[in-house]
$ cat model04.txt   # compact mmCIF, C-alpha atoms
# COMPACT_ATOMS: atom_id res chain seq x y z
CA MET A 188 8.42 10.05 16.87
CA LYS A 189 8.30 6.55 15.38
CA CYS A 190 6.50 3.38 16.44
CA LEU A 191 6.99 -0.21 15.44
CA ARG A 192 3.26 -0.86 15.26
CA PRO A 193 1.29 1.15 12.71
CA LEU A 194 -1.83 0.98 14.84
CA LEU A 195 -0.12 2.76 17.71
CA LEU A 196 0.88 5.70 15.57
CA LEU A 197 -2.07 8.05 15.90
CA SER A 198 -2.39 11.66 14.92
CA ILE A 199 -4.44 13.98 17.10
CA PHE A 200 -4.77 17.38 15.49
CA GLY A 201 -1.47 16.70 13.76
CA VAL A 202 0.42 15.51 16.85
CA SER A 203 1.75 11.94 16.76
CA ALA A 204 1.35 9.81 19.85
CA CYS A 205 3.07 6.48 20.43
CA SER A 206 2.85 3.85 23.09
CA THR A 207 6.19 2.89 24.66
CA THR A 208 5.01 -0.55 25.70
CA SER A 209 3.52 -3.34 23.69
CA ASN A 210 1.16 -6.12 24.69
CA ALA A 211 1.16 -7.55 21.16
CA PRO A 212 0.67 -11.33 21.06
CA GLU A 213 3.59 -13.58 20.23
CA PRO A 214 4.04 -14.15 16.48
CA ALA A 215 3.21 -17.60 15.20
CA THR A 216 6.14 -19.90 14.52
CA LEU A 217 7.37 -19.72 10.96
CA PRO A 218 5.48 -22.40 9.00
CA VAL A 219 7.60 -25.16 7.55
CA VAL A 220 6.88 -25.27 3.82
CA THR A 221 8.18 -28.29 1.95
CA ALA A 222 6.54 -27.49 -1.39
CA LYS A 223 8.95 -26.16 -3.97
CA SER A 224 7.66 -22.82 -5.19
CA ASN A 225 7.71 -21.76 -8.81
CA THR A 226 8.37 -18.22 -7.56
CA LYS A 227 12.01 -17.14 -7.76
CA VAL A 228 14.20 -14.10 -7.16
CA ASP A 229 15.46 -12.61 -10.44
CA TRP A 230 17.73 -10.06 -8.79
CA LYS A 231 18.42 -8.20 -5.56
CA ALA A 232 19.60 -4.62 -5.02
CA SER A 233 20.26 -2.50 -1.94
CA LEU A 234 19.13 1.05 -1.32
CA GLY A 235 19.61 3.09 1.83
CA GLY A 236 19.66 1.45 5.23
CA LYS A 237 17.37 0.08 7.90
CA THR A 238 14.16 2.04 8.36
CA GLU A 239 10.69 1.81 9.89
CA TYR A 240 9.21 3.88 7.09
CA ARG A 241 7.15 2.08 4.46
CA PHE A 242 8.87 2.54 1.12
CA GLN A 243 7.10 1.37 -2.02
CA PRO A 244 8.94 0.85 -5.35
CA ALA A 245 7.15 1.34 -8.67
CA PHE A 246 7.26 -0.23 -12.14
CA ASN A 247 7.32 1.74 -15.38
CA GLY A 248 7.94 -0.42 -18.44
CA ASP A 249 11.55 -1.57 -18.32
CA LEU A 250 12.38 0.61 -15.32
CA ILE A 251 11.88 0.39 -11.57
CA ALA A 252 12.12 3.46 -9.35
CA ALA A 253 12.65 3.15 -5.61
CA VAL A 254 13.38 5.32 -2.60
CA GLY A 255 15.06 4.10 0.56
CA GLY A 256 16.54 4.97 3.92
CA ASN A 257 19.01 7.85 4.05
CA ASN A 258 16.73 9.64 1.56
CA GLU A 259 18.15 7.91 -1.51
CA LEU A 260 16.28 7.74 -4.82
CA ALA A 261 17.40 5.28 -7.49
CA LEU A 262 16.40 3.99 -10.90
CA PHE A 263 16.98 0.35 -11.83
CA GLU A 264 16.80 -1.58 -15.07
CA ARG A 265 14.05 -4.12 -14.74
CA THR A 266 15.67 -6.95 -16.69
CA SER A 267 19.09 -6.91 -15.03
CA GLY A 268 18.70 -4.97 -11.79
CA ASN A 269 21.52 -2.66 -12.84
CA GLN A 270 21.33 0.70 -11.12
CA ARG A 271 21.24 3.52 -13.66
CA TRP A 272 21.72 6.21 -11.06
CA LYS A 273 21.23 7.09 -7.40
CA ILE A 274 20.80 10.53 -5.88
CA LYS A 275 20.54 11.90 -2.38
CA ILE A 276 17.37 13.86 -1.68
CA ALA A 277 17.92 16.91 0.49
CA GLN A 278 14.68 16.39 2.40
CA PRO A 279 13.50 13.52 4.63
CA VAL A 280 11.50 11.03 2.60
CA ALA A 281 9.14 8.55 4.26
CA GLY A 282 6.86 7.14 1.59
CA GLY A 283 7.16 5.53 -1.79
CA VAL A 284 7.74 6.68 -5.33
CA GLY A 285 5.57 7.21 -8.39
CA ILE A 286 6.80 6.94 -11.97
CA SER A 287 5.20 7.35 -15.39
CA GLY A 288 5.76 9.24 -18.62
CA GLY A 289 9.34 10.18 -17.81
CA VAL A 290 8.46 11.70 -14.43
CA ILE A 291 9.50 10.30 -11.03
CA ALA A 292 7.76 11.76 -7.96
CA VAL A 293 8.42 11.48 -4.23
CA GLY A 294 7.08 13.30 -1.19
CA SER A 295 8.82 14.50 1.95
CA THR A 296 7.90 14.64 5.61
CA ASN A 297 8.29 18.42 5.27
CA GLY A 298 5.28 18.49 2.96
CA ASP A 299 7.13 18.89 -0.34
CA VAL A 300 6.48 17.11 -3.61
CA LEU A 301 9.69 16.56 -5.59
CA THR A 302 9.92 15.39 -9.20
CA TYR A 303 12.82 14.15 -11.33
CA ASP A 304 13.35 13.05 -14.90
CA LEU A 305 14.74 9.68 -15.97
CA THR A 306 18.32 10.97 -15.68
CA GLY A 307 17.84 11.97 -12.02
CA GLN A 308 17.65 15.70 -12.73
CA ALA A 309 15.17 17.73 -10.70
CA ILE A 310 12.16 19.02 -12.65
CA TRP A 311 10.00 20.90 -10.12
CA SER A 312 8.91 20.92 -6.50
CA ALA A 313 5.71 22.01 -4.83
CA LYS A 314 4.39 22.40 -1.31
CA VAL A 315 1.38 20.62 0.16
CA SER A 316 -0.37 21.17 3.48
CA SER A 317 1.33 18.45 5.56
CA GLU A 318 3.74 15.52 5.44
CA VAL A 319 3.67 13.09 2.52
CA ILE A 320 4.19 9.51 3.68
CA SER A 321 2.31 7.69 0.91
CA ALA A 322 3.59 7.16 -2.60
CA PRO A 323 2.63 9.86 -5.12
CA VAL A 324 0.78 8.62 -8.21
CA VAL A 325 1.84 9.77 -11.69
CA SER A 326 -1.04 9.30 -14.12
CA ASP A 327 -2.89 11.18 -16.89
CA ASP A 328 -0.20 13.90 -17.01
CA LEU A 329 -0.72 14.60 -13.30
CA VAL A 330 1.16 13.96 -10.08
CA ILE A 331 -1.43 13.11 -7.43
CA VAL A 332 -0.38 13.33 -3.79
CA ARG A 333 -2.14 12.45 -0.57
CA SER A 334 -0.87 14.43 2.42
CA GLY A 335 -1.08 13.41 6.06
CA ASP A 336 -4.08 15.66 6.75
CA GLY A 337 -6.18 13.71 4.23
CA LYS A 338 -6.02 16.24 1.40
CA VAL A 339 -5.43 15.02 -2.16
CA SER A 340 -3.60 17.45 -4.47
CA ALA A 341 -3.10 17.11 -8.21
CA PHE A 342 -0.23 18.88 -10.00
CA SER A 343 0.58 19.01 -13.71
CA ALA A 344 3.37 16.50 -14.32
CA ASP A 345 5.36 18.80 -16.60
CA LYS A 346 5.36 22.08 -14.65
CA GLY A 347 4.00 21.36 -11.19
CA GLU A 348 0.99 23.65 -11.53
CA LEU A 349 -1.73 22.93 -8.99
CA LYS A 350 -4.78 21.64 -10.87
CA TRP A 351 -7.15 20.71 -8.04
CA ILE A 352 -7.40 19.84 -4.34
CA TYR A 353 -9.82 17.51 -2.62
CA GLN A 354 -10.37 17.69 1.12
CA ARG A 355 -12.96 16.66 3.67
CA PRO A 356 -13.17 17.17 7.45
CA GLN A 357 -11.03 14.77 9.46
CA PRO A 358 -11.87 13.26 12.87
CA ALA A 359 -9.82 14.26 15.89
CA LEU A 360 -8.25 10.81 16.18
CA LEU A 361 -6.91 8.99 13.14
CA LEU A 362 -4.33 6.44 12.06
CA ARG A 363 -1.27 7.53 10.17
CA ASN A 364 -2.03 6.66 6.55
CA TYR A 365 0.56 5.28 4.13
CA ALA A 366 -2.01 4.36 1.47
CA PRO A 367 -1.66 6.14 -1.89
CA PRO A 368 -4.63 7.08 -4.04
CA VAL A 369 -5.54 4.57 -6.76
CA VAL A 370 -6.25 5.66 -10.33
CA ALA A 371 -8.36 3.63 -12.77
CA ASP A 372 -10.33 4.69 -15.87
CA GLY A 373 -10.10 8.40 -15.16
CA VAL A 374 -11.13 8.07 -11.51
CA VAL A 375 -9.04 8.62 -8.36
CA TYR A 376 -10.16 6.37 -5.48
CA VAL A 377 -9.18 7.51 -1.99
CA GLY A 378 -9.73 5.67 1.29
CA GLN A 379 -10.46 8.10 4.10
CA ALA A 380 -10.60 8.36 7.86
CA ALA A 381 -13.92 7.34 9.43
CA GLY A 382 -14.34 4.54 6.89
CA ARG A 383 -15.26 6.57 3.80
CA LEU A 384 -14.27 5.72 0.22
CA THR A 385 -14.29 8.60 -2.28
CA ALA A 386 -14.21 8.56 -6.07
CA ILE A 387 -12.83 11.73 -7.68
CA SER A 388 -12.70 12.75 -11.33
CA ILE A 389 -9.05 12.91 -12.31
CA ALA A 390 -9.83 15.61 -14.88
CA ASP A 391 -11.10 18.29 -12.52
CA GLY A 392 -11.19 16.97 -8.93
CA ARG A 393 -14.98 16.67 -8.76
CA VAL A 394 -16.33 14.17 -6.26
CA LEU A 395 -18.18 11.54 -8.29
CA TRP A 396 -19.42 9.63 -5.27
CA GLU A 397 -18.60 8.87 -1.66
CA ALA A 398 -19.68 5.79 0.24
CA PRO A 399 -19.17 4.31 3.72
CA VAL A 400 -17.06 1.18 3.91
CA ALA A 401 -17.36 1.06 7.71
CA LEU A 402 -19.18 3.10 10.34
CA PRO A 403 -17.52 4.24 13.59
CA ARG A 404 -18.84 2.47 16.66
CA GLY A 405 -17.79 2.03 20.27
CA ALA A 406 -17.77 3.99 23.51
CA SER A 407 -14.37 5.68 23.21
CA GLU A 408 -12.74 7.66 20.43
CA LEU A 409 -10.11 4.95 20.05
CA GLU A 410 -12.78 2.29 19.61
CA ARG A 411 -14.47 4.46 16.98
CA VAL A 412 -11.40 4.69 14.73
CA THR A 413 -12.42 3.04 11.46
CA ASP A 414 -9.91 4.50 9.01
CA ILE A 415 -9.16 3.06 5.58
CA VAL A 416 -5.36 2.98 5.68
CA ALA A 417 -4.77 0.51 2.83
CA PRO A 418 -5.19 1.35 -0.85
CA PRO A 419 -8.49 0.35 -2.44
CA VAL A 420 -8.31 -2.18 -5.29
CA VAL A 421 -10.18 -1.85 -8.59
CA ARG A 422 -10.99 -4.78 -10.83
CA GLY A 423 -13.34 -4.31 -13.75
CA ASP A 424 -16.49 -2.57 -12.58
CA MET A 425 -15.80 -3.26 -8.88
CA VAL A 426 -13.77 -1.40 -6.27
CA CYS A 427 -13.07 -2.93 -2.86
CA ALA A 428 -11.66 -1.39 0.31
CA VAL A 429 -11.14 -2.47 3.91
CA ALA A 430 -11.11 -0.47 7.14
CA PHE A 431 -9.40 -0.94 10.47
CA GLN A 432 -11.95 -1.94 13.15
CA GLY A 433 -14.53 -2.06 10.39
CA ARG A 434 -15.26 -4.25 7.43
CA VAL A 435 -14.35 -5.05 3.85
CA ALA A 436 -16.76 -3.71 1.25
CA CYS A 437 -17.01 -4.06 -2.51
CA LEU A 438 -18.86 -1.40 -4.47
CA GLY A 439 -19.73 -0.58 -8.04
CA ALA A 440 -16.82 1.45 -9.41
CA LYS A 441 -18.97 3.87 -11.40
CA GLN A 442 -21.68 4.82 -8.90
CA GLY A 443 -20.45 3.54 -5.53
CA ASN A 444 -23.42 1.22 -5.04
CA LEU A 445 -22.79 -1.34 -2.32
CA LEU A 446 -22.39 -4.91 -3.62
CA TRP A 447 -21.47 -6.71 -0.38
CA THR A 448 -19.70 -6.28 2.96
CA ARG A 449 -18.14 -8.55 5.57
CA GLU A 450 -17.02 -7.73 9.10
CA ILE A 451 -13.22 -7.72 9.29
CA SER A 452 -10.48 -5.39 10.54
CA SER A 453 -7.37 -4.62 8.50
CA TRP A 454 -4.70 -1.96 8.27
CA THR A 455 -2.69 -3.73 5.57
CA GLY A 456 -5.09 -4.31 2.69
CA LEU A 457 -6.43 -6.66 0.07
CA ALA A 458 -6.03 -8.11 -3.41
CA ILE A 459 -8.50 -9.36 -6.02
CA ASP A 460 -8.39 -11.97 -8.76
CA GLY A 461 -11.09 -13.39 -11.00
CA GLN A 462 -12.59 -15.51 -8.24
CA ASN A 463 -11.95 -14.01 -4.82
CA VAL A 464 -11.09 -10.99 -2.70
CA TYR A 465 -8.15 -11.72 -0.36
CA VAL A 466 -7.77 -9.69 2.85
CA THR A 467 -5.00 -9.69 5.44
CA ASP A 468 -6.76 -8.99 8.73
CA ALA A 469 -5.49 -7.30 11.87
CA LYS A 470 -4.66 -10.70 13.42
CA GLY A 471 -2.36 -11.64 10.54
CA GLN A 472 -4.80 -14.08 8.98
CA ILE A 473 -5.43 -14.21 5.25
CA ASN A 474 -9.11 -14.41 4.36
CA ALA A 475 -10.64 -15.27 1.00
CA PHE A 476 -14.13 -14.05 0.07
CA GLU A 477 -15.98 -14.89 -3.12
CA ARG A 478 -15.67 -11.86 -5.36
CA THR A 479 -19.27 -11.66 -6.51
CA THR A 480 -21.08 -12.52 -3.27
CA GLY A 481 -18.67 -11.96 -0.37
CA ARG A 482 -19.14 -15.54 0.80
CA SER A 483 -16.26 -16.77 2.98
CA VAL A 484 -14.16 -19.29 1.05
CA TRP A 485 -11.18 -20.01 3.32
CA ARG A 486 -8.93 -18.57 6.03
CA GLN A 487 -5.21 -19.16 6.52
CA ASP A 488 -4.19 -18.57 10.16
CA LEU A 489 -0.69 -20.06 10.32
CA LEU A 490 0.86 -16.60 9.91
CA ALA A 491 -1.05 -15.07 12.83
CA ASN A 492 0.65 -12.06 14.45
CA ARG A 493 3.60 -12.20 12.03
CA LEU A 494 2.72 -8.65 10.89
CA ILE A 495 2.17 -9.85 7.35
CA SER A 496 1.66 -7.46 4.48
CA ALA A 497 -1.35 -7.11 2.27
CA PRO A 498 -1.56 -9.85 -0.37
CA ALA A 499 -0.50 -9.46 -3.99
CA MET A 500 -1.18 -11.66 -6.99
CA LEU A 501 1.65 -13.07 -9.10
CA ALA A 502 1.05 -15.57 -11.91
CA GLY A 503 -2.00 -17.05 -10.21
CA ASN A 504 -0.50 -17.25 -6.70
CA ILE A 505 -0.85 -15.08 -3.61
CA LEU A 506 2.25 -13.39 -2.14
CA VAL A 507 2.55 -11.90 1.35
CA GLY A 508 5.59 -10.71 3.29
CA ASP A 509 6.17 -10.92 7.04
CA LEU A 510 8.07 -9.37 9.96
CA ASP A 511 11.17 -11.53 9.35
CA GLY A 512 11.35 -10.80 5.63
CA TYR A 513 9.89 -14.08 4.44
CA ILE A 514 7.76 -14.09 1.30
CA HIS A 515 5.00 -16.67 1.57
CA VAL A 516 3.37 -18.09 -1.55
CA LEU A 517 -0.19 -19.40 -1.24
CA ASN A 518 -2.59 -21.22 -3.50
CA PRO A 519 -5.64 -18.96 -4.05
CA GLU A 520 -8.05 -21.90 -4.26
CA ASP A 521 -7.61 -23.12 -0.68
CA GLY A 522 -4.95 -20.95 1.01
CA ARG A 523 -2.37 -23.71 1.40
CA PHE A 524 1.32 -22.81 1.27
CA VAL A 525 3.00 -23.61 -2.05
CA GLY A 526 6.30 -21.82 -1.47
CA GLN A 527 8.42 -19.67 0.83
CA LEU A 528 11.34 -17.34 0.04
CA PRO A 529 13.69 -15.72 2.58
CA THR A 530 15.02 -12.21 2.05
CA ASP A 531 17.43 -10.20 4.22
CA GLY A 532 15.43 -10.57 7.44
CA GLY A 533 13.97 -7.07 7.33
CA ARG A 534 10.23 -6.66 7.72
CA ILE A 535 8.20 -6.40 4.52
CA TYR A 536 5.76 -3.63 5.44
CA LEU A 537 3.83 -3.23 2.20
CA ALA A 538 2.34 -5.64 -0.31
CA PRO A 539 4.64 -6.69 -3.15
CA GLN A 540 4.01 -4.47 -6.17
CA SER A 541 2.94 -6.74 -9.01
CA ASP A 542 2.06 -6.31 -12.66
CA SER A 543 1.06 -10.00 -12.99
CA SER A 544 4.31 -11.14 -14.65
CA GLN A 545 6.72 -9.89 -11.96
CA ALA A 546 6.59 -8.45 -8.46
CA ILE A 547 8.91 -6.09 -6.62
CA VAL A 548 9.43 -6.29 -2.84
CA GLN A 549 11.28 -3.88 -0.55
CA THR A 550 12.32 -4.75 3.01
CA GLY A 551 12.85 -2.59 6.06
CA LYS A 552 16.59 -3.18 5.73
CA GLY A 553 16.69 -1.54 2.32
CA SER A 554 16.88 -4.57 0.04
CA ILE A 555 14.84 -4.72 -3.16
CA TYR A 556 13.90 -8.04 -4.77
CA LEU A 557 12.41 -8.66 -8.19
CA LEU A 558 10.33 -11.85 -8.26
CA SER A 559 8.93 -13.88 -11.12
CA THR A 560 7.73 -17.42 -11.80
CA GLN A 561 9.77 -20.19 -13.35
$ encode --input "model04.txt" --output "structure tokens"
Amino acid sequence: MKCLRPLLLLSIFGVSACSTTSNAPEPATLPVVTAKSNTKVDWKASLGGKTEYRFQPAFNGDLIAAVGGNNELALFERTSGNQRWKIKIAQPVAGGVGISGGVIAVGSTNGDVLTYDLTGQAIWSAKVSSEVISAPVVSDDLVIVRSGDGKVSAFSADKGELKWIYQRPQPALLLRNYAPPVVADGVVYVGQAAGRLTAISIADGRVLWEAPVALPRGASELERVTDIVAPPVVRGDMVCAVAFQGRVACLGAKQGNLLWTREISSWTGLAIDGQNVYVTDAKGQINAFERTTGRSVWRQDLLANRLISAPAMLAGNILVGDLDGYIHVLNPEDGRFVGQLPTDGGRIYLAPQSDSSQAIVQTGKGSIYLLSTQ
């Protein structure tokens, strides 16, 4: 069963439950932006069809891998957007794609991990304990997969041998989680249900530390849901994460010591630059907090209830996507709009994937856009 609102898609002992009615507030009117942005579309490609799943493309050098509706996997040339190949996957795919070292990995809603080489030929497949709706991560000769029951499994990238599994008890009520693990400096960071952030050694799966980002509170089980359903972000010696119905917290990346927290609710996520931490909250507002202290710097509320994505950084600007497929460009110093780009009208569910020089965006209608600055 599918829902249009990620917050309404809850899993109770593995059973999805969706509300058939919505009392969501009316989205804010699209802001009129007269500033001419220096952000431009380099190329556009199409993959699959309209979907409510959250597909995430991935960079790897001069290549971009993407998966789309109708279970299609494709490899594109980064400079031109030319499609090298496209294959049909025999299983239903709902998440994103991971690519590195000549290995492309996807997961299926049947709980299978599938890998391919750069020619589109299958390498190996493996089974995990439940559906895979977040993008696998290919790093350090491993394919790391988060399954819907919260387990994290690491397979050897060349043969698919299981190297380690991490798991912790899950609460009875949790949000469906599209957030992939994040790997940095030999550590796998995983946001968990009940507001926990875990750091795992990529070498052997040992838990290095675990810390609370938010604590459950409230009278009912629904009020006590404080899951981290957006990927944590690592910058230097700091890792930050944000929880739904909880708070944003920044911690020391090595030991998990708490640096600062601020009350905020988010299911989409955050971004970090040298000055600030930027968070898209549950109301569709973009909030900037000083990176070192957590002091509130500014808030942009003109995109309220437009179901905007998490922010991403591109060439010193902030990018977010919205329910109508618009890409909004903001100045990180004060949050003012400095550009706006339309796409195909499909919702942009996930943050643009950026490597600082370019960003890749995928819409719910199956279009892929490569962005850069002029």
$ residues_around --input "model04.txt" --residues "Ile387 (chain A)" --least-positions-apart "4" --cutoff "8 Å" --atoms "only C-alpha atoms" --output "number ranges by chain"
A: 374-377, 392-396
$ atom_distance --input "model04.txt" --atom1 "CA of Arg486 (chain A)" --atom2 "CA of Ile451 (chain A)"
12.1 Å
$ closest_atom_pairs --input "model04.txt" --of "region 256-312 of chain A" --to "region 355-367 of chain A" --cutoff "10 Å" --atoms "only C-alpha atoms" --output "JSON lines"
{"residue": "A:Ala281", "atom": "CA", "partner": "A:Tyr365", "partner_atom": "CA", "distance": 9.2}
{"residue": "A:Gly282", "atom": "CA", "partner": "A:Tyr365", "partner_atom": "CA", "distance": 7.0}
{"residue": "A:Gly283", "atom": "CA", "partner": "A:Pro367", "partner_atom": "CA", "distance": 8.8}
{"residue": "A:Gly285", "atom": "CA", "partner": "A:Pro367", "partner_atom": "CA", "distance": 9.8}
$ residues_around --input "model04.txt" --residues "region 510-523 of chain A" --least-positions-apart "2" --cutoff "10 Å" --atoms "only C-alpha atoms" --output "PyMOL selection string"
chain A and resi 214+217-218+220+222+224-226+460+462-465+473-475+484-490+492-496+498-501+503-508+525-536+539+548-552
$ atom_distance --input "model04.txt" --atom1 "CA of Pro399 (chain A)" --atom2 "CA of Leu438 (chain A)"
10.0 Å
$ residues_around --input "model04.txt" --residues "region 289-300 of chain A" --least-positions-apart "4" --cutoff "6 Å" --atoms "only C-alpha atoms" --output "PyMOL selection string"
chain A and resi 279-280+284-285+304-305+312-315+317-319
$ atom_distance --input "model04.txt" --atom1 "CA of Ala502 (chain A)" --atom2 "CA of Ser544 (chain A)"
6.1 Å
$ closest_residue --input "model04.txt" --among "A:Cys427, A:Val332, A:Val412, A:Ala497" --to "Val466 (chain A)" --atoms "all atoms listed in the file"
A:Ala497
$ residues_near_point --input "model04.txt" --point "(17.2, 1.0, -5.7)" --cutoff "12 Å" --atoms "only C-alpha atoms" --output "PyMOL selection string"
chain A and resi 230-236+242-246+250-256+258-265+268-275+283-284+547-550+553-557
$ closest_residue --input "model04.txt" --among "A:Ala380, A:Gly471, A:Ser267, A:Val400" --to "Glu213 (chain A)" --atoms "all atoms listed in the file"
A:Gly471
$ decode --input "model04.txt" --residues "region 517-534 of chain A" --atoms "N, CA, C and O atoms" --output "CSV table (one decimal), in the first residue's frame"
chain,number,residue,atom,x,y,z
A,517,LEU,N,18.8,29.2,-2.9
A,517,LEU,CA,18.8,30.2,-1.8
A,517,LEU,C,20.3,30.6,-1.4
A,517,LEU,O,21.2,29.8,-1.6
A,518,ASN,N,20.4,31.8,-1.0
A,518,ASN,CA,21.6,32.4,-0.5
A,518,ASN,C,21.8,31.8,0.9
A,518,ASN,O,21.0,32.0,1.8
A,519,PRO,N,22.9,31.2,1.2
A,519,PRO,CA,23.1,30.6,2.6
A,519,PRO,C,23.3,31.6,3.7
A,519,PRO,O,23.2,31.3,4.9
A,520,GLU,N,23.7,32.9,3.3
A,520,GLU,CA,23.9,33.9,4.3
A,520,GLU,C,22.6,34.4,5.0
A,520,GLU,O,22.6,34.6,6.2
A,521,ASP,N,21.6,34.5,4.2
A,521,ASP,CA,20.3,35.1,4.8
A,521,ASP,C,19.1,34.3,4.3
A,521,ASP,O,18.0,34.7,4.8
A,522,GLY,N,19.2,33.3,3.5
A,522,GLY,CA,18.0,32.5,3.1
A,522,GLY,C,17.2,33.1,2.0
A,522,GLY,O,16.1,32.6,1.7
A,523,ARG,N,17.6,34.2,1.4
A,523,ARG,CA,16.8,34.8,0.4
A,523,ARG,C,16.9,34.0,-0.9
A,523,ARG,O,17.9,33.3,-1.2
A,524,PHE,N,15.9,34.1,-1.8
A,524,PHE,CA,15.9,33.4,-3.0
A,524,PHE,C,16.8,34.1,-4.0
A,524,PHE,O,16.7,35.3,-4.2
A,525,VAL,N,17.6,33.3,-4.7
A,525,VAL,CA,18.5,33.8,-5.7
A,525,VAL,C,18.3,33.1,-7.0
A,525,VAL,O,19.0,33.4,-8.0
A,526,GLY,N,17.3,32.2,-7.1
A,526,GLY,CA,17.1,31.5,-8.4
A,526,GLY,C,16.0,30.5,-8.2
A,526,GLY,O,15.6,30.2,-7.1
A,527,GLN,N,15.4,30.1,-9.3
A,527,GLN,CA,14.3,29.1,-9.4
A,527,GLN,C,14.3,28.4,-10.7
A,527,GLN,O,14.3,29.1,-11.8
A,528,LEU,N,14.3,27.1,-10.7
A,528,LEU,CA,14.3,26.4,-12.0
A,528,LEU,C,13.1,25.4,-12.0
A,528,LEU,O,12.9,24.6,-11.1
A,529,PRO,N,12.3,25.4,-13.1
A,529,PRO,CA,11.2,24.4,-13.2
A,529,PRO,C,11.8,23.1,-13.8
A,529,PRO,O,12.8,23.1,-14.5
A,530,THR,N,11.1,22.0,-13.4
A,530,THR,CA,11.5,20.7,-14.1
A,530,THR,C,10.2,20.2,-14.8
A,530,THR,O,9.5,21.0,-15.4
A,531,ASP,N,9.9,18.9,-14.6
A,531,ASP,CA,8.8,18.4,-15.4
A,531,ASP,C,7.5,18.4,-14.6
A,531,ASP,O,6.5,17.9,-15.0
A,532,GLY,N,7.5,19.0,-13.4
A,532,GLY,CA,6.3,19.1,-12.6
A,532,GLY,C,6.1,18.0,-11.6
A,532,GLY,O,5.2,18.0,-10.8
A,533,GLY,N,7.0,17.0,-11.7
A,533,GLY,CA,6.9,15.9,-10.7
A,533,GLY,C,7.6,16.3,-9.4
A,533,GLY,O,8.6,17.0,-9.4
A,534,ARG,N,7.1,15.7,-8.3
A,534,ARG,CA,7.6,16.1,-7.0
A,534,ARG,C,9.1,15.6,-6.9
A,534,ARG,O,9.5,14.5,-7.4
